[in-house]
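S.K.: Submitted below is the structure of interest, expressed as structure tokens.
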Amino acid sequence: MASSRVTMRHSLNIVRWPLRVCKRRLASQQRAVATDGETGKISHLQICPAKGHRARSTQAVAPLESIASVKPWEEVPGPRPLPLLGNTWRFIPYIGGYSVEHVDKVCLSLRQEYGDCVKMEGLLGRPDMLFVFDASEVERVFRGEDSAPHRPSMPSLNYYKHTLRKDFFGAEKDCAGVIAVHGDSWSAFRTKVSRVALSAGAAAQYTDQVGEVADAFVKRLRKIRNERKETPDDFLNEVHKWSLESLGLIALDTRLGCLEQHEGSETQQLIDAVNTFFLCVGELELKAPWWRLYPTAMFKRYVAALDTILSVTQSHVSRALKECQANPNGSKSLLQDLVSAAGPRVAAVAALDMFLVGIDTTSNAVASTLYQLSLRPDVQEKLYKEISGVLQGRPIRPGDVNKMPYLKACIKEVLRMYPVVIGNGRQLSKDTVICGYNIPKGTQVIFQHYVMGNSDDYFTNASQFCPERWLQRSIYKHHPFASLPFGFGKRMCLGRRFAELEINIIICKMVQSFQMEYHHEPLEYHVHPMYTPNGPIRLKLIDR
Ligand code: HEM
């Protein structure tokens, strides 16, 4: 395992291409006009400026001046595409000036140059995009979603699920999973899984076990830190292992042993496969898609890794099914609940999806939080006092975190300034008015949460790291749709409760165990494809 560097990359096709802007914030406008792409009817979108609630009028008649005020797609500002090359050339190294790795900065400058809504057209192999930087417009689009919102999905996984392994994923209409799945199939699957995964106690039941994994992680750090008490250069890889171990527990009801060594085992195969998946997915997604023309070597490795993840998750599901049948009143787990509620096939596919998107999101969020805390001894001290006050030396129990508002605020603050997923997207299912422009059906709309989260327009003193802003809302103002690290609505993160449990517990354990310091050059963040500190995170861990 030591040799298998778990450089996990997030795979959710959630966002990667930042955007840009529009001009005028119509957020405060009381009425916009939407044309329905399918029926051609015009309906009114009424917005309550106080609460941002929206109601669609059933009368399909708009005053002429409102219709006239909606501008066409052609007028949306944005960088001009070149003939044939579109805007793709802008991402060519040394020539184009845009970089995928620093798309955070690209987005900031697009907003500055063009405003709150920016068109990015002519990206080879991709639909046109609209980058939205206006939180009230984000709110309006989210609140107007239909019953099966379409998040732009990862083409390579889409191909794997719906073409290569169609026999498995397509055999039953409602059994393809949620990642890279849309429409009725997504809706049927999501309904089955959310009932179990988002239920009140689903995550809380893992408090003890997730706590044990966190203890094992702390123990390992004590062992592997160097003579200066600093974490090794591949610290992020260690955090990935912790994340995989925690998720194995939740999704497969199994201790995989990632924090120990297990050469040649099935566990090791799973770890290696997840590792390979993340190594390949960024390349396949962000670079020229040759795999669409022929199976490249990288694509073959990617498919083999997915096959392994699928077969190992299936074998764990079969085991859980047997245990469930042998002992129907035995101890409960998410896997067993899913098997009982929705059957073994749904449980296996759900576990696969969780592995694809639940590991590097959580690990990068934790690495980023630890790094930010290590820069702020005062914040750590305040956290330490809060945690010690609640726990009084005993292990963490379900419900304890609810008595730790400062802990929650610190995590929200890190995800506001450094959201691991810098933007979230939706593919429009009908023509929609956004920022006063008629945006055609099929456009990929990307909500720019990194830019909005760091904007003084939406957060008082946005550039200051200030967890208190989440606790003293009368002093610090913020727009509720500017920072949405887990997305929103019917398609929001399915693993949010588990991610929060894991993050809360590991941060608690780290703050209880160590004073964390950082004595090197400040780390810049980059998109990789998660938004994460770039460079070795060498934390000095001083025992408390
Ligand atoms: C800090 C950790 C995490 C972050 C920031 C995060 C963020 C997100 C975001 C932004 C989305 C898209 C939501 C939307 O479209 O509105 C998403 C979707 C999803 N996440 Fe997470 N996630 C995290 C951890 C996890 C974990 C641990 C799991 C699994 C246990 C998970 C499972 C999923 C799934 C299955 C979806 C797709 C939902 C759907 O399309 O119906 N996530 N996540």
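Starting from 1 in every chain, residues are counted up; chains themselves are A, B, ... following the order of the structure tokens, and ligands are numbered from 1 as listed.
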What residues in stretch 299-464 of chain A get the DSSP label alpha helix (DSSP H)? Please answer as a ChimeraX atom specification.

M.R.: /A:299-326,334-342,344-357,360-374,377-391,405-417,449-453

S.K.: For ligand 1, list the contacting residues at 7 Å or closer, counting only C-alpha atoms and all ligand atoms, as a PyMOL selection string.

M.R.: chain A and resi 12+14+151+178-179+190+247+251+353-355+357-359+361-362+365+419-421+424-425+485-489+491-496+498-499

S.K.: Out of A:Gly535, A:Ile250, A:Leu124, A:Glu139, which residue has the shortest atom-to-atom distance to A:Ala203 when counting only C-alpha atoms?

M.R.: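 The answer is A:Ile250, which sits nearest to A:Ala203.
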
S.K.: Rounded to one decimal in Å, what is the spacing between atom CA of A:Pro295 and atom CA of A:Glu266?

M.R.: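 Taking atom CA of A:Pro295 and atom CA of A:Glu266, their separation equals 26.5 Å.
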
S.K.: Using only C-alpha atoms, which residue out of A:Glu517, A:Asp456, A:Glu502, A:Asp174 lies closest to A:Ser374?

M.R.: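 When distances to A:Ser374 are compared using only C-alpha atoms, the smallest one comes from A:Glu517.
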
S.K.: Between atom CA of A:Ala350 and atom CA of A:Ala214, what distance in Å does the model show, to one decimal?

M.R.: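 Taking atom CA of A:Ala350 and atom CA of A:Ala214, their separation equals 24.1 Å.
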
S.K.: Atom CA of A:Leu373 and atom CA of A:Cys410 are how many Å apart?

M.R.: 8.7 Å

S.K.: For A:Asn461, find every residue with an atom within 9 Å (counting only C-alpha atoms), except residues of its own chain fewer than 6 positions away, and show them as JSON, numbers by chain.

M.R.: {"A": [454, 455, 476]}

S.K.: Would you mind exporting C-alpha atoms of the selected residues as a PDB file, in the first residue's frame?

M.R.:
ATOM      1  CA  ASN A 454     -15.117  35.396  -2.081  1.00  0.00           C
ATOM      2  CA  SER A 455     -17.037  38.461  -3.157  1.00  0.00           C
ATOM      3  CA  TYR A 476     -22.086  39.740   9.112  1.00  0.00           C
TER       4      TYR A 476
END

S.K.: Can you tell me which residues surround stretch 391-394 of chain A at a distance of at most 12 Å, considering only C-alpha atoms, apart from same-chain residues fewer than 4 positions away, and format the answer as a PyMOL selection string?

M.R.: chain A and resi 208+211+384-387+398-404+505+508-509+512-513

S.K.: Go through stretch 118-242 of chain A and collect every residue that DSSP, computed from the backbone, puts in strand (DSSP E); the answer should be as a PyMOL selection string.

M.R.: chain A and resi 118-120+129-132

S.K.: Please save C-alpha atoms of the selected residues as a PDB file, in the first residue's frame.

M.R.:
ATOM      1  CA  VAL A 118     -20.657  35.336 -19.033  1.00  0.00           C
ATOM      2  CA  LYS A 119     -21.059  33.236 -22.132  1.00  0.00           C
ATOM      3  CA  MET A 120     -18.373  30.699 -23.016  1.00  0.00           C
ATOM      4  CA  MET A 129     -21.726  27.389 -21.213  1.00  0.00           C
ATOM      5  CA  LEU A 130     -23.038  30.251 -19.164  1.00  0.00           C
ATOM      6  CA  PHE A 131     -21.107  31.268 -16.055  1.00  0.00           C
ATOM      7  CA  VAL A 132     -23.326  32.868 -13.420  1.00  0.00           C
TER       8      VAL A 132
END

S.K.: Using only C-alpha atoms, what does the table of stretch 208-303 of chain A residues within 12 Å of stretch 323-333 of chain A look like, with each row giving the shortest atom pair and its distance in Å to one decimal, sorted by chain and ascending number, as JSON lines?

M.R.:
{"residue": "A:Gln209", "atom": "CA", "partner": "A:Ser333", "partner_atom": "CA", "distance": 11.4}
{"residue": "A:Gly248", "atom": "CA", "partner": "A:Ser333", "partner_atom": "CA", "distance": 11.9}
{"residue": "A:Leu249", "atom": "CA", "partner": "A:Ser333", "partner_atom": "CA", "distance": 9.2}
{"residue": "A:Ile250", "atom": "CA", "partner": "A:Ser333", "partner_atom": "CA", "distance": 7.6}
{"residue": "A:Ala251", "atom": "CA", "partner": "A:Ser333", "partner_atom": "CA", "distance": 8.7}
{"residue": "A:Leu252", "atom": "CA", "partner": "A:Ser333", "partner_atom": "CA", "distance": 8.8}
{"residue": "A:Asp253", "atom": "CA", "partner": "A:Ser333", "partner_atom": "CA", "distance": 6.7}
{"residue": "A:Thr254", "atom": "CA", "partner": "A:Ser333", "partner_atom": "CA", "distance": 10.3}

S.K.: Excluding stretch 523-533 of chain A and its own-chain neighbours fewer than 4 positions away, which residues fall within 8 Å of it when counting only C-alpha atoms? Please give them as a ChimeraX atom specification.

M.R.: /A:9-10,16,100-104,282,360-361,364-365,367-368,418-422,537

S.K.: Residues at most 9 Å from A:Ile507, counting only C-alpha atoms, excluding those fewer than 3 positions away in the same chain, as a ChimeraX atom specification?

M.R.: /A:214,366,369-370,407,502-504,510-512
